[in-house]
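Visitor: Pasting a structure here, questions to come.
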Amino acid sequence: MTILEHALFQALSDGVLIMDRNRIIQEINPAATRMTGWKTGQKVPYCLFCQHREVVHGEERCLLMGKNAPSYFESEMPTLHGENIPVSFSTTYLPTEDETIEHTVLMLRDISQKKQEEEMRMAKLLARQTIEAQEAERKRLAQELHDGIGQSLYSISMALGLLRQTVPESDAQLFTIASSTLADTMKEVKQLSVALRPPALDILGLKAALVSLIRQVEQHFSLKITICYNLPSSLRIPSSIELHIYRIVQEALSNAAKHAKSPVVFISLCSLSDHSGFHIIIRDKGKGFDPIHVHRHSTGLGLKHLAERTELLEGSMHIDSAPGCGTVLRFVIPFASMEETGSEKN
Ligand SMILES: Nc1ncnc2c1ncn2[C@@H]1O[C@H](COP(=O)(O)OP(=O)(O)OP(=O)(O)O)[C@@H](O)[C@H]1O
Ligand SMILES: [Mg+2]
């Protein structure tokens, strides 16, 4: 090597080593030593892939030393300190004058970060697919309830109406109770199917759907809910994203009603002052809770789903609560997520 080549070899941030046919290291640069702990004169161990791959009799176990060696592949390499690190390999050969291969140049790159990013990407994808599958299932259940059970109950109520004339006076009270139970059941089925798939969202849009949700929760739980809705009228929110926002408010309201025991709840959906996005705030004056304790010990899914939905919208979620002090949930959703996560999430 010339002085310049040697300086370059030493300065490279990728690991480079030269090994002979017996995988004994002839030269190794500092980056490769930092990565693996190996030194000149040591034998390069088999990577995880080669350790476990099936080889026929007489075949070279090290893929890079065999015929048809790939010029690039990824695996995990044991270091001198006994750990395995994910690395990418690229190779080139230094042939002798008679064209036989004497030395192999191995270039190593630590791909731990790339792997971590890939794992995070997969985790996000999984969360997104789980939520989408849930929404699809809710939609199916809503249709089944409405078109199946709902229609059957309607037919029964029509038949009961016709039978009314033929019921003797002695059974009139029983008949009235049965009719009223049926009417309540029909109402419950309707409410359930609305909760599973809010029709107002598809037809009237987010604001009207939220107002309708608020009215239902107010009636059901004797709460007073105030909403301040101040999103730009020019803002086009894709329907899948509207559904996420609706579900966020729905779960927060359900928690306020079920757990907080607060008589009042305030909701605000407003643009941020820098116009980069908007916030959703749900505030109750109820009994509050310890978010860290709940995060560690609760088996509930609501708050976890809120976090996952927020992540899908590339936003942030903050819980401000303590026992006896009420609860404020604050979500910040960037407008940028409307474009990026738009139609492909539908
Ligand atoms: N607004 C609130 N006020 C008081 N406690 C709350 C509030 N929101 C959540 N909590 C507490 O946090 C816990 C976890 O809430 P989370 O929504 O994750 O689950 P859950 O409501 O118990 O069940 P799920 O949502 O799965 O039906 C609740 O059980 C409750 O103790
Ligand atoms: Mg909940």
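Following the order of the structure tokens, chains are lettered A, B, ..., residues in each are numbered from 1, and ligands are numbered from 1.
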Report as a PDB file with N, CA and C atoms, in the first residue's frame which protein, DNA and RNA residues come within 6 Å of ligand 2, using only C-alpha atoms and all ligand atoms.
Guide:
```pdb
ATOM      1  N   GLU A 251     -63.228   7.860  22.734  1.00  0.00           N
ATOM      2  CA  GLU A 251     -62.603   7.136  23.858  1.00  0.00           C
ATOM      3  C   GLU A 251     -62.368   8.084  25.039  1.00  0.00           C
ATOM      4  N   ASN A 255     -63.972   7.620  28.700  1.00  0.00           N
ATOM      5  CA  ASN A 255     -63.189   7.567  29.943  1.00  0.00           C
ATOM      6  C   ASN A 255     -63.656   8.631  30.931  1.00  0.00           C
ATOM      7  N   GLY A 302     -58.004   1.475  25.953  1.00  0.00           N
ATOM      8  CA  GLY A 302     -58.367   2.787  25.420  1.00  0.00           C
ATOM      9  C   GLY A 302     -57.195   3.741  25.258  1.00  0.00           C
TER      10      GLY A 302
END
```
Visitor: As a PyMOL selection string, please: every protein or nucleic acid residue near ligand 1 (cut-off 10 Å, counting only C-alpha atoms and all ligand atoms).
Guide: chain A and resi 251-262+265+282-295+297-307+319-329
Visitor: For the selection just defined, write its residues with N, CA and C atoms to a file, as a compact mmCIF listing (two decimals), in the first residue's frame.
Guide:
```
# COMPACT_ATOMS: atom_id res chain seq x y z
N GLU A 251 -63.23 7.86 22.73
CA GLU A 251 -62.60 7.14 23.86
C GLU A 251 -62.37 8.08 25.04
N ALA A 252 -61.92 9.32 24.74
CA ALA A 252 -61.65 10.27 25.82
C ALA A 252 -62.95 10.59 26.56
N LEU A 253 -64.05 10.75 25.79
CA LEU A 253 -65.34 11.03 26.43
C LEU A 253 -65.82 9.84 27.25
N SER A 254 -65.61 8.65 26.69
CA SER A 254 -66.03 7.45 27.40
C SER A 254 -65.27 7.33 28.72
N ASN A 255 -63.97 7.62 28.70
CA ASN A 255 -63.19 7.57 29.94
C ASN A 255 -63.66 8.63 30.93
N ALA A 256 -63.93 9.82 30.40
CA ALA A 256 -64.40 10.90 31.29
C ALA A 256 -65.71 10.50 31.94
N ALA A 257 -66.58 9.85 31.15
CA ALA A 257 -67.88 9.47 31.70
C ALA A 257 -67.75 8.28 32.65
N LYS A 258 -66.96 7.28 32.25
CA LYS A 258 -66.88 6.05 33.05
C LYS A 258 -66.05 6.23 34.31
N HIS A 259 -64.88 6.86 34.15
CA HIS A 259 -63.92 6.87 35.27
C HIS A 259 -63.88 8.18 36.05
N ALA A 260 -64.01 9.30 35.31
CA ALA A 260 -63.76 10.59 35.98
C ALA A 260 -64.89 10.98 36.92
N LYS A 261 -66.11 10.56 36.56
CA LYS A 261 -67.29 10.98 37.32
C LYS A 261 -67.35 12.51 37.39
N SER A 262 -67.01 13.14 36.28
CA SER A 262 -67.04 14.61 36.24
C SER A 262 -68.37 15.05 35.66
N VAL A 265 -67.50 18.28 30.84
CA VAL A 265 -66.32 17.98 30.02
C VAL A 265 -66.21 19.08 28.96
N ILE A 282 -59.26 17.44 25.52
CA ILE A 282 -60.45 16.96 26.23
C ILE A 282 -60.12 17.11 27.72
N ARG A 283 -60.92 17.94 28.37
CA ARG A 283 -60.63 18.26 29.77
C ARG A 283 -61.83 17.89 30.64
N ASP A 284 -61.58 17.13 31.70
CA ASP A 284 -62.68 16.91 32.65
C ASP A 284 -62.25 17.37 34.04
N LYS A 285 -63.24 17.57 34.91
CA LYS A 285 -62.91 18.03 36.26
C LYS A 285 -63.19 16.94 37.26
N GLY A 286 -62.92 15.70 36.83
CA GLY A 286 -63.26 14.54 37.66
C GLY A 286 -62.16 14.13 38.60
N LYS A 287 -62.15 12.82 38.88
CA LYS A 287 -61.26 12.36 39.97
C LYS A 287 -59.80 12.21 39.58
N GLY A 288 -59.49 12.25 38.29
CA GLY A 288 -58.09 12.18 37.86
C GLY A 288 -57.45 10.83 38.11
N PHE A 289 -56.23 10.64 37.65
CA PHE A 289 -55.52 9.37 37.86
C PHE A 289 -54.02 9.59 37.70
N ASP A 290 -53.27 8.57 38.09
CA ASP A 290 -51.81 8.65 37.95
C ASP A 290 -51.42 8.00 36.62
N PRO A 291 -51.06 8.78 35.60
CA PRO A 291 -50.81 8.20 34.27
C PRO A 291 -49.69 7.16 34.28
N ILE A 292 -48.65 7.36 35.10
CA ILE A 292 -47.52 6.41 35.09
C ILE A 292 -47.98 5.06 35.65
N HIS A 293 -48.73 5.13 36.74
CA HIS A 293 -49.23 3.90 37.36
C HIS A 293 -50.14 3.16 36.36
N VAL A 294 -51.04 3.92 35.74
CA VAL A 294 -51.97 3.31 34.79
C VAL A 294 -51.21 2.71 33.60
N HIS A 295 -50.20 3.44 33.11
CA HIS A 295 -49.41 2.97 31.97
C HIS A 295 -48.78 1.61 32.29
N HIS A 297 -49.73 -0.56 34.87
CA HIS A 297 -50.54 -1.64 35.44
C HIS A 297 -51.90 -1.85 34.79
N SER A 298 -52.41 -0.87 34.01
CA SER A 298 -53.78 -1.02 33.51
C SER A 298 -53.86 -2.05 32.39
N THR A 299 -54.94 -2.82 32.41
CA THR A 299 -55.16 -3.77 31.32
C THR A 299 -56.07 -3.15 30.26
N GLY A 300 -56.52 -1.90 30.52
CA GLY A 300 -57.40 -1.21 29.56
C GLY A 300 -56.67 -0.97 28.24
N LEU A 301 -57.45 -0.87 27.18
CA LEU A 301 -56.86 -0.67 25.85
C LEU A 301 -57.04 0.75 25.33
N GLY A 302 -58.00 1.48 25.95
CA GLY A 302 -58.37 2.79 25.42
C GLY A 302 -57.20 3.74 25.26
N LEU A 303 -56.43 3.94 26.33
CA LEU A 303 -55.31 4.91 26.27
C LEU A 303 -54.23 4.42 25.30
N LYS A 304 -54.02 3.10 25.25
CA LYS A 304 -53.01 2.56 24.32
C LYS A 304 -53.44 2.85 22.88
N HIS A 305 -54.72 2.64 22.60
CA HIS A 305 -55.20 2.89 21.25
C HIS A 305 -55.11 4.38 20.90
N LEU A 306 -55.36 5.23 21.91
CA LEU A 306 -55.23 6.67 21.66
C LEU A 306 -53.81 6.99 21.22
N ALA A 307 -52.84 6.38 21.92
CA ALA A 307 -51.42 6.64 21.59
C ALA A 307 -51.11 6.12 20.18
N ILE A 319 -50.83 13.47 28.50
CA ILE A 319 -51.87 13.31 29.53
C ILE A 319 -51.44 14.12 30.75
N ASP A 320 -52.30 15.01 31.18
CA ASP A 320 -52.02 15.79 32.39
C ASP A 320 -53.11 15.42 33.40
N SER A 321 -52.75 14.60 34.35
CA SER A 321 -53.75 14.16 35.33
C SER A 321 -53.08 13.77 36.64
N ALA A 322 -53.80 13.87 37.70
CA ALA A 322 -53.32 13.39 39.00
C ALA A 322 -54.57 13.15 39.84
N PRO A 323 -54.50 12.18 40.77
CA PRO A 323 -55.69 11.91 41.59
C PRO A 323 -56.24 13.18 42.23
N GLY A 324 -57.53 13.39 42.06
CA GLY A 324 -58.19 14.55 42.65
C GLY A 324 -58.09 15.82 41.84
N CYS A 325 -57.36 15.79 40.71
CA CYS A 325 -57.12 17.04 39.97
C CYS A 325 -57.72 17.07 38.56
N GLY A 326 -58.61 16.14 38.22
CA GLY A 326 -59.16 16.15 36.87
C GLY A 326 -58.15 15.68 35.84
N THR A 327 -58.56 15.68 34.59
CA THR A 327 -57.70 15.15 33.52
C THR A 327 -57.75 16.05 32.29
N VAL A 328 -56.58 16.30 31.73
CA VAL A 328 -56.54 16.99 30.44
C VAL A 328 -55.77 16.10 29.47
N LEU A 329 -56.42 15.75 28.36
CA LEU A 329 -55.73 15.01 27.29
C LEU A 329 -55.48 16.02 26.18
```
Visitor: Mind the document's chain letters and residue numbers, and return as a PyMOL selection string the residues of segment 168-283 of chain A that DSSP labels helix (DSSP H, G or I).
Guide: chain A and resi 169-196+199-204+206-221+239-260
Visitor: Compile the contact shell of Leu182 of chain A as JSON, numbers by chain: residues with an atom at most 10 Å away, counting only C-alpha atoms, same-chain residues fewer than 4 positions apart removed.
Guide: {"A": [153, 154, 156, 157, 160, 176, 177, 178, 186, 187, 188]}
Visitor: Restricting the calculation to only C-alpha atoms: of A:Leu80, A:Ala142, A:Ala209, A:Ile28, which residue gets closest to Gln191 of chain A?
Guide: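 When distances to Gln191 of chain A are compared using only C-alpha atoms, the smallest one comes from A:Ala142.
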Visitor: Which one is closest to Ile281 of chain A: A:His52, A:Ile333, A:Glu311, A:Tyr72? Count only C-alpha atoms.
Guide: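 Using only C-alpha atoms, the shortest distance to Ile281 of chain A belongs to A:Ile333.
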Visitor: A:Pro30, A:Pro95, A:Gly205, A:Gly315: which is nearest Phe331 of chain A, counting only C-alpha atoms?
Guide: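 Comparing A:Pro30, A:Pro95, A:Gly205, A:Gly315 against Phe331 of chain A, the winner is A:Gly315.
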Visitor: One decimal, in Å: what's the spacing between atom CA of Pro263 of chain A and atom CA of Leu210 of chain A?
Guide: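 Straight-line distance from atom CA of Pro263 of chain A to atom CA of Leu210 of chain A works out to 18.8 Å.
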Visitor: Between atom CA of Lys43 of chain A and atom CA of Ile24 of chain A, measure the distance and give it in Å to one decimal.
Guide: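 So the answer is 4.4 Å.
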Visitor: In Å, with one decimal, what is the gap from atom CA of Gln143 of chain A to atom CA of Gln216 of chain A?
Guide: 20.0 Å
Visitor: With only C-alpha atoms as the counted atoms, please give the residues lying no more than 6 Å from segment 2-14 of chain A, apart from itself and same-chain residues fewer than 2 positions off, as a list in words.
Guide: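 Using only C-alpha atoms, the neighbours found are Asn29, Ala31 and Arg109 of chain A.
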Visitor: Would you write out those residues with N, CA and C atoms, as a PDB file, in the first residue's frame?
Guide:
```pdb
ATOM      1  N   ASN A  29      -8.579  -2.526   9.435  1.00  0.00           N
ATOM      2  CA  ASN A  29      -8.513  -1.092   9.749  1.00  0.00           C
ATOM      3  C   ASN A  29      -9.163  -0.829  11.117  1.00  0.00           C
ATOM      4  N   ALA A  31     -11.673   0.922  12.095  1.00  0.00           N
ATOM      5  CA  ALA A  31     -13.145   0.873  12.156  1.00  0.00           C
ATOM      6  C   ALA A  31     -13.622  -0.565  12.327  1.00  0.00           C
ATOM      7  N   ARG A 109     -20.177  -3.202   7.477  1.00  0.00           N
ATOM      8  CA  ARG A 109     -20.879  -1.980   7.923  1.00  0.00           C
ATOM      9  C   ARG A 109     -21.868  -2.375   9.020  1.00  0.00           C
TER      10      ARG A 109
END
```
Visitor: May I have the residues within 10 Å of Arg197 of chain A as an MDAnalysis selection string, using only C-alpha atoms and disregarding those fewer than 5 positions away in the same chain?
Guide: chainID A and resid 135:143 191:192 202 243
Visitor: My list of candidates is A:Val189, A:Thr40, A:Ala172, A:Lys124. Which is closest to Ser152 of chain A when distances are computed with only C-alpha atoms?
Guide: A:Val189
Visitor: As an NGL selection string, please: all residues of segment 26-171 of chain A that backbone DSSP puts in strand (DSSP E).
Guide: :A and (26-28 or 72-78 or 84-95 or 101-110)
Visitor: Smallest atom-to-atom distance to Gln129 of chain A: which of A:Val105, A:Phe335, A:Ser271, A:Glu308, using only C-alpha atoms?
Guide: A:Glu308
Visitor: Which residue is closest to Pro232 of chain A? Choose from A:Gly37, A:Pro334, A:Gly277, A:Gly15 and count only C-alpha atoms.
Guide: A:Gly277
